[in-house]
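Peer 1: Before I ask anything, here is the structure I am working with.
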Amino acid sequence: MRAAVLTEINTPLQILDLEQELPRAGEVRVRVKAAGVCMSDWHIMNGDWPLPLPMVLGHEAAGVVAEIGPGVTAVKPGDHVIFSFRPHCGRCRYCSSGQTVLCIGHNDSPRWRMHDGTSRVKLNGEPVNQMARLGTFADEVVCPAEQVVPIRPDLPFTHAAIIGCSVATGIGAVIRHARVPAGSSVLIIGCGGVGLNIVQGARLAGANPIIACDLRDNKLAYARSFGATHTINASSGDVVAGVRELTDGLGVDTAFDAIGSEATALQAVDAAAPGGRAVLVGIPAFSTRAPISPSQIVYGEKLISGTYYGSVRPNIDFPILADLDLQKKIDLDALISRTYRFDEINEGFRLMLAGEVARGVIVFD
Ligand SMILES: [Zn+2]
Ligand SMILES: [Zn+2]
């Protein structure tokens with residue numbers, strides 16, 4: 001099989017021919033049909049998240065089950081599936097309470113290996129790691145069956161792919177994590193793949209106003225098309241002052257940071273109204289620290305919370321997101337502003353970093 005491998009940080013991905021083993025007990029082999037290009041892959045490529053290499057990257061994807069290992073009953077060959085980048089053991093305290101994103105059932109094996117500690121992918125006989133136990137920048141993936149969610153077959157694979165990360169993370173942050181009430185005010189900092197989905201999640205929830213902020217005017221134009229009522233270009237204006245001006249001097253009920261930097265986390269806290277909430281969504285570099293003002297939190301009774309993967313329960317929420325898309329209550333078609341062939345993958349990262357796409361998706365033959 002062919003896969004895009006990162007062998008060294010700050011070098012392009014290399015599409016290599018790799019040896020793939022058959023699925024073992026509890027695993028499946030999936031033919032990948034579409035895979036999104038995500039900032040999380042880039043965090044590994046640039047060393048923000050120092051992880052062991054070589055690694056097949058890619059985690060936002062969809063495909064068709066080709067083969068199941070012994071004991072797999074939840075899916076069968078031919079099923080269309082969305083990959084989930086978090087495991088779901090079904091037994092730990094978090095899976096049992098519905099917080100499956102926090103599953104600790106497989107904490108004894110590294111997140112880039114199968115549950116038995118081995119990899120299903122090899123290069124010249126040496127194991128290659130699989131990002132999030134997946135590695136979906138590949139023709140085919142062998143992974144734990146608990147990390148694929150069967151999905152209705154009339155959903156286009158490109159739409160299914162982005163549900164697996166950016167759509168779940170953005171819309172989930174609004175409707176599963178923050179549970180934004182209709183009519184309440186919202187700020188979204190950063191209008192990339194996740195931020196634009198927070199915007200459309202806020203629209204779905206009936207929030208008003210929906211204030212979007214970014215450094216680039218083309219991203220703000222995207223945000224307006226997905227439901228933002230107001231926009232602020234952070235390169236030319238003070239975000240917090242601009243938000244207060246639009247909200248009678250108070251700030252917003254819920255401020256989402258879709259970036260994950262020191263500056264944007266602080267903006268989210270500062271732009272939240274008294275009694276309001278800052279929600280941290282974008283995953284920072286491991287080294288990032290942000291000096292919050294505890295007195296502002298106390299006097300303003302502000303809440304700061306984090307959400308990982310939109311706090312979704314993939315087996316429940318991926319099919320719901322698919323229905324919302326096919327009912328045109330959310331718009332995934334307009335999010336996919338570019339598609340690429342597999343061999344154009346490095347161009348996909350270049351355009352994402354240049355801010356020229358809402359979401360780019362690689363389509364496999
Ligand atoms: Zn992602
Ligand atoms: Zn678990």
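Simple scheme: letters A, B, ... for chains in structure tokens order, numbers from 1 for residues in each chain, numbers from 1 for ligands in the order shown.
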Would you mind listing the residues within 8 Å of ligand 1, counting only C-alpha atoms and all ligand atoms, as a list in words?
Peer 2: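 Listed by chain and ascending number, the contacts are Gly36, Val37, Cys38, Met39, Ser40, Asp41, Gly58, His59, Glu60, Gly164, Cys165 and Ser166 of chain A.
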Peer 1: Counting only C-alpha atoms and all ligand atoms, what are the residues, protein, DNA or RNA alike, that approach ligand 2 to within 8 Å? I want them as a list in words.
Peer 2: Pro87, His88, Cys89, Gly90, Arg91, Cys92, Arg93, Tyr94, Cys95, Ser96, Thr100, Leu102, Cys103, Ile104, Gly105 and His106 of chain A
Peer 1: Generate the output file for the selected residues, N, CA and C atoms, as an mmCIF file, in the first residue's frame.
Peer 2:
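So the final result, stored in out.cif, reads:
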data_model
loop_
_atom_site.group_PDB
_atom_site.id
_atom_site.type_symbol
_atom_site.label_atom_id
_atom_site.label_comp_id
_atom_site.auth_asym_id
_atom_site.auth_seq_id
_atom_site.Cartn_x
_atom_site.Cartn_y
_atom_site.Cartn_z
ATOM 1 N N PRO A 87 -9.695 6.384 20.746
ATOM 2 C CA PRO A 87 -10.198 5.030 20.976
ATOM 3 C C PRO A 87 -11.473 5.059 21.815
ATOM 4 N N HIS A 88 -12.130 3.947 21.875
ATOM 5 C CA HIS A 88 -13.388 3.838 22.611
ATOM 6 C C HIS A 88 -13.455 2.424 23.156
ATOM 7 N N CYS A 89 -12.857 2.226 24.350
ATOM 8 C CA CYS A 89 -12.748 0.863 24.891
ATOM 9 C C CYS A 89 -14.108 0.339 25.319
ATOM 10 N N GLY A 90 -15.032 1.274 25.693
ATOM 11 C CA GLY A 90 -16.375 0.876 26.094
ATOM 12 C C GLY A 90 -16.481 0.421 27.532
ATOM 13 N N ARG A 91 -15.362 0.400 28.269
ATOM 14 C CA ARG A 91 -15.385 -0.152 29.626
ATOM 15 C C ARG A 91 -14.893 0.815 30.687
ATOM 16 N N CYS A 92 -14.065 1.787 30.318
ATOM 17 C CA CYS A 92 -13.444 2.637 31.342
ATOM 18 C C CYS A 92 -14.473 3.615 31.911
ATOM 19 N N ARG A 93 -14.103 4.356 32.952
ATOM 20 C CA ARG A 93 -15.066 5.256 33.612
ATOM 21 C C ARG A 93 -15.566 6.321 32.642
ATOM 22 N N TYR A 94 -14.706 6.767 31.701
ATOM 23 C CA TYR A 94 -15.125 7.828 30.777
ATOM 24 C C TYR A 94 -16.050 7.289 29.685
ATOM 25 N N CYS A 95 -15.711 6.123 29.106
ATOM 26 C CA CYS A 95 -16.624 5.526 28.124
ATOM 27 C C CYS A 95 -17.972 5.239 28.782
ATOM 28 N N SER A 96 -17.923 4.754 30.039
ATOM 29 C CA SER A 96 -19.167 4.385 30.713
ATOM 30 C C SER A 96 -20.044 5.584 30.992
ATOM 31 N N THR A 100 -16.532 9.726 25.907
ATOM 32 C CA THR A 100 -15.655 8.767 25.236
ATOM 33 C C THR A 100 -14.361 9.403 24.747
ATOM 34 N N LEU A 102 -12.412 11.051 26.372
ATOM 35 C CA LEU A 102 -11.404 10.953 27.429
ATOM 36 C C LEU A 102 -11.031 9.500 27.743
ATOM 37 N N CYS A 103 -11.446 8.550 26.905
ATOM 38 C CA CYS A 103 -11.198 7.119 27.136
ATOM 39 C C CYS A 103 -9.759 6.859 27.602
ATOM 40 N N ILE A 104 -9.630 6.107 28.716
ATOM 41 C CA ILE A 104 -8.309 5.756 29.240
ATOM 42 C C ILE A 104 -8.047 4.258 29.111
ATOM 43 N N GLY A 105 -8.940 3.576 28.382
ATOM 44 C CA GLY A 105 -8.871 2.113 28.330
ATOM 45 C C GLY A 105 -7.633 1.561 27.648
ATOM 46 N N HIS A 106 -6.964 2.392 26.844
ATOM 47 C CA HIS A 106 -5.780 1.901 26.128
ATOM 48 C C HIS A 106 -4.551 2.755 26.435
#
Peer 1: Measure the distance from CA of Val65 in chain A to CA of Cys143 in chain A in Å and round it to one decimal.
Peer 2: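 Rounded to one decimal, the two atoms are 10.9 Å apart.
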Peer 1: With 10 Å as the cut-off and only C-alpha atoms counted, what is the closest atom pair between each nearby residue of range 18-122 of chain A and range 318-321 of chain A? Distances in Å to one decimal, ordered by chain and number, as CSV.
Peer 2:
residue,atom,partner,partner_atom,distance
A:Val81,CA,A:Phe318,CA,9.8
A:Ile82,CA,A:Phe318,CA,7.8
A:Phe83,CA,A:Phe318,CA,9.8
A:Ser84,CA,A:Phe318,CA,9.3
Peer 1: Save out the residues we just selected, all heavy atoms, as a compact mmCIF listing (two decimals), in the first residue's frame.
Peer 2:
# COMPACT_ATOMS: atom_id res chain seq x y z
N VAL A 81 -17.44 3.96 6.37
CA VAL A 81 -17.09 4.34 7.75
C VAL A 81 -16.35 5.67 7.79
O VAL A 81 -15.67 6.05 6.84
CB VAL A 81 -16.21 3.26 8.44
CG1 VAL A 81 -17.00 1.98 8.67
CG2 VAL A 81 -14.94 2.99 7.65
N ILE A 82 -16.51 6.34 8.93
CA ILE A 82 -15.70 7.51 9.26
C ILE A 82 -14.73 7.08 10.35
O ILE A 82 -15.12 6.40 11.30
CB ILE A 82 -16.58 8.67 9.79
CG1 ILE A 82 -17.57 9.12 8.72
CG2 ILE A 82 -15.70 9.85 10.24
CD1 ILE A 82 -18.56 10.19 9.21
N PHE A 83 -13.45 7.46 10.20
CA PHE A 83 -12.47 7.16 11.25
C PHE A 83 -12.66 8.11 12.42
O PHE A 83 -12.91 9.30 12.25
CB PHE A 83 -11.05 7.34 10.71
CG PHE A 83 -10.64 6.34 9.68
CD1 PHE A 83 -10.79 6.62 8.33
CD2 PHE A 83 -10.07 5.13 10.06
CE1 PHE A 83 -10.40 5.70 7.37
CE2 PHE A 83 -9.68 4.21 9.10
CZ PHE A 83 -9.84 4.49 7.75
N SER A 84 -12.52 7.58 13.64
CA SER A 84 -12.46 8.39 14.85
C SER A 84 -11.04 8.35 15.37
O SER A 84 -10.45 7.27 15.47
CB SER A 84 -13.41 7.81 15.91
OG SER A 84 -13.03 8.27 17.20
Peer 1: Any chance you could list, as a PyMOL selection string, the residues in range 95-152 of chain A that come up strand (DSSP E or B) when DSSP is run on the backbone?
Peer 2: chain A and resi 121-123+126-130+138+140-144+148-150
Peer 1: Fewer than 3 positions away in the same chain doesn't count, so skip those; otherwise give me all residues within 12 Å of Glu344 in chain A, counting only C-alpha atoms, as a PyMOL selection string.
Peer 2: chain A and resi 4+12-15+37+137+338-341+347-351+360-364
Peer 1: Quick one: contact table of range 214-326 of chain A to range 150-162 of chain A, 9 Å max, nearest atom pair and distance in Å to one decimal per residue, counting only C-alpha atoms, chain and number order, as a tab-separated table?
Peer 2:
residue	atom	partner	partner_atom	distance
A:Asn315	CA	A:Pro150	CA	8.0
A:Phe318	CA	A:Ile151	CA	7.6
A:Pro319	CA	A:Ile151	CA	6.0
A:Ala322	CA	A:Leu155	CA	6.8
A:Asp323	CA	A:Leu155	CA	8.7
A:Asp325	CA	A:His159	CA	8.3
A:Leu326	CA	A:Leu155	CA	7.2
Peer 1: Selected residues, C-alpha atoms, written as a CSV table (one decimal), in the first residue's frame, please.
Peer 2:
chain,number,residue,atom,x,y,z
A,315,ASN,CA,-21.0,6.5,17.4
A,318,PHE,CA,-21.2,11.2,13.4
A,319,PRO,CA,-24.5,9.9,12.1
A,322,ALA,CA,-24.3,13.2,8.4
A,323,ASP,CA,-28.1,13.7,8.7
A,325,ASP,CA,-25.6,17.7,6.2
A,326,LEU,CA,-27.9,15.8,4.0
Peer 1: Find, counting only C-alpha atoms, the residue in A:Leu324, A:Met1, A:Ala265, A:Leu215 that gets nearest to Gly355 in chain A.
Peer 2: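 That would be A:Leu215, the residue with the smallest distance to Gly355 in chain A.
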Peer 1: Looking at A:Arg289, A:Arg244, A:Arg113, A:Lys219, which one is nearest to Ala273 in chain A, with distances taken over only C-alpha atoms?
Peer 2: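 Under the stated criterion, the closest residue is A:Arg244.
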Peer 1: For Asp217 in chain A, which residue among A:Glu245, A:Glu356, A:Asp108, A:Asp48 is the nearest when counting only C-alpha atoms?
Peer 2: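 The shortest atom-to-atom distance to Asp217 in chain A comes from A:Glu356.
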Peer 1: Please provide the set of residues having any atom within 7 Å of range 198-201 of chain A, restricted to only C-alpha atoms, with same-chain residues fewer than 4 positions apart removed, written as a PyMOL selection string.
Peer 2: chain A and resi 170-171+173-175+188+194+205+223+226-228+330
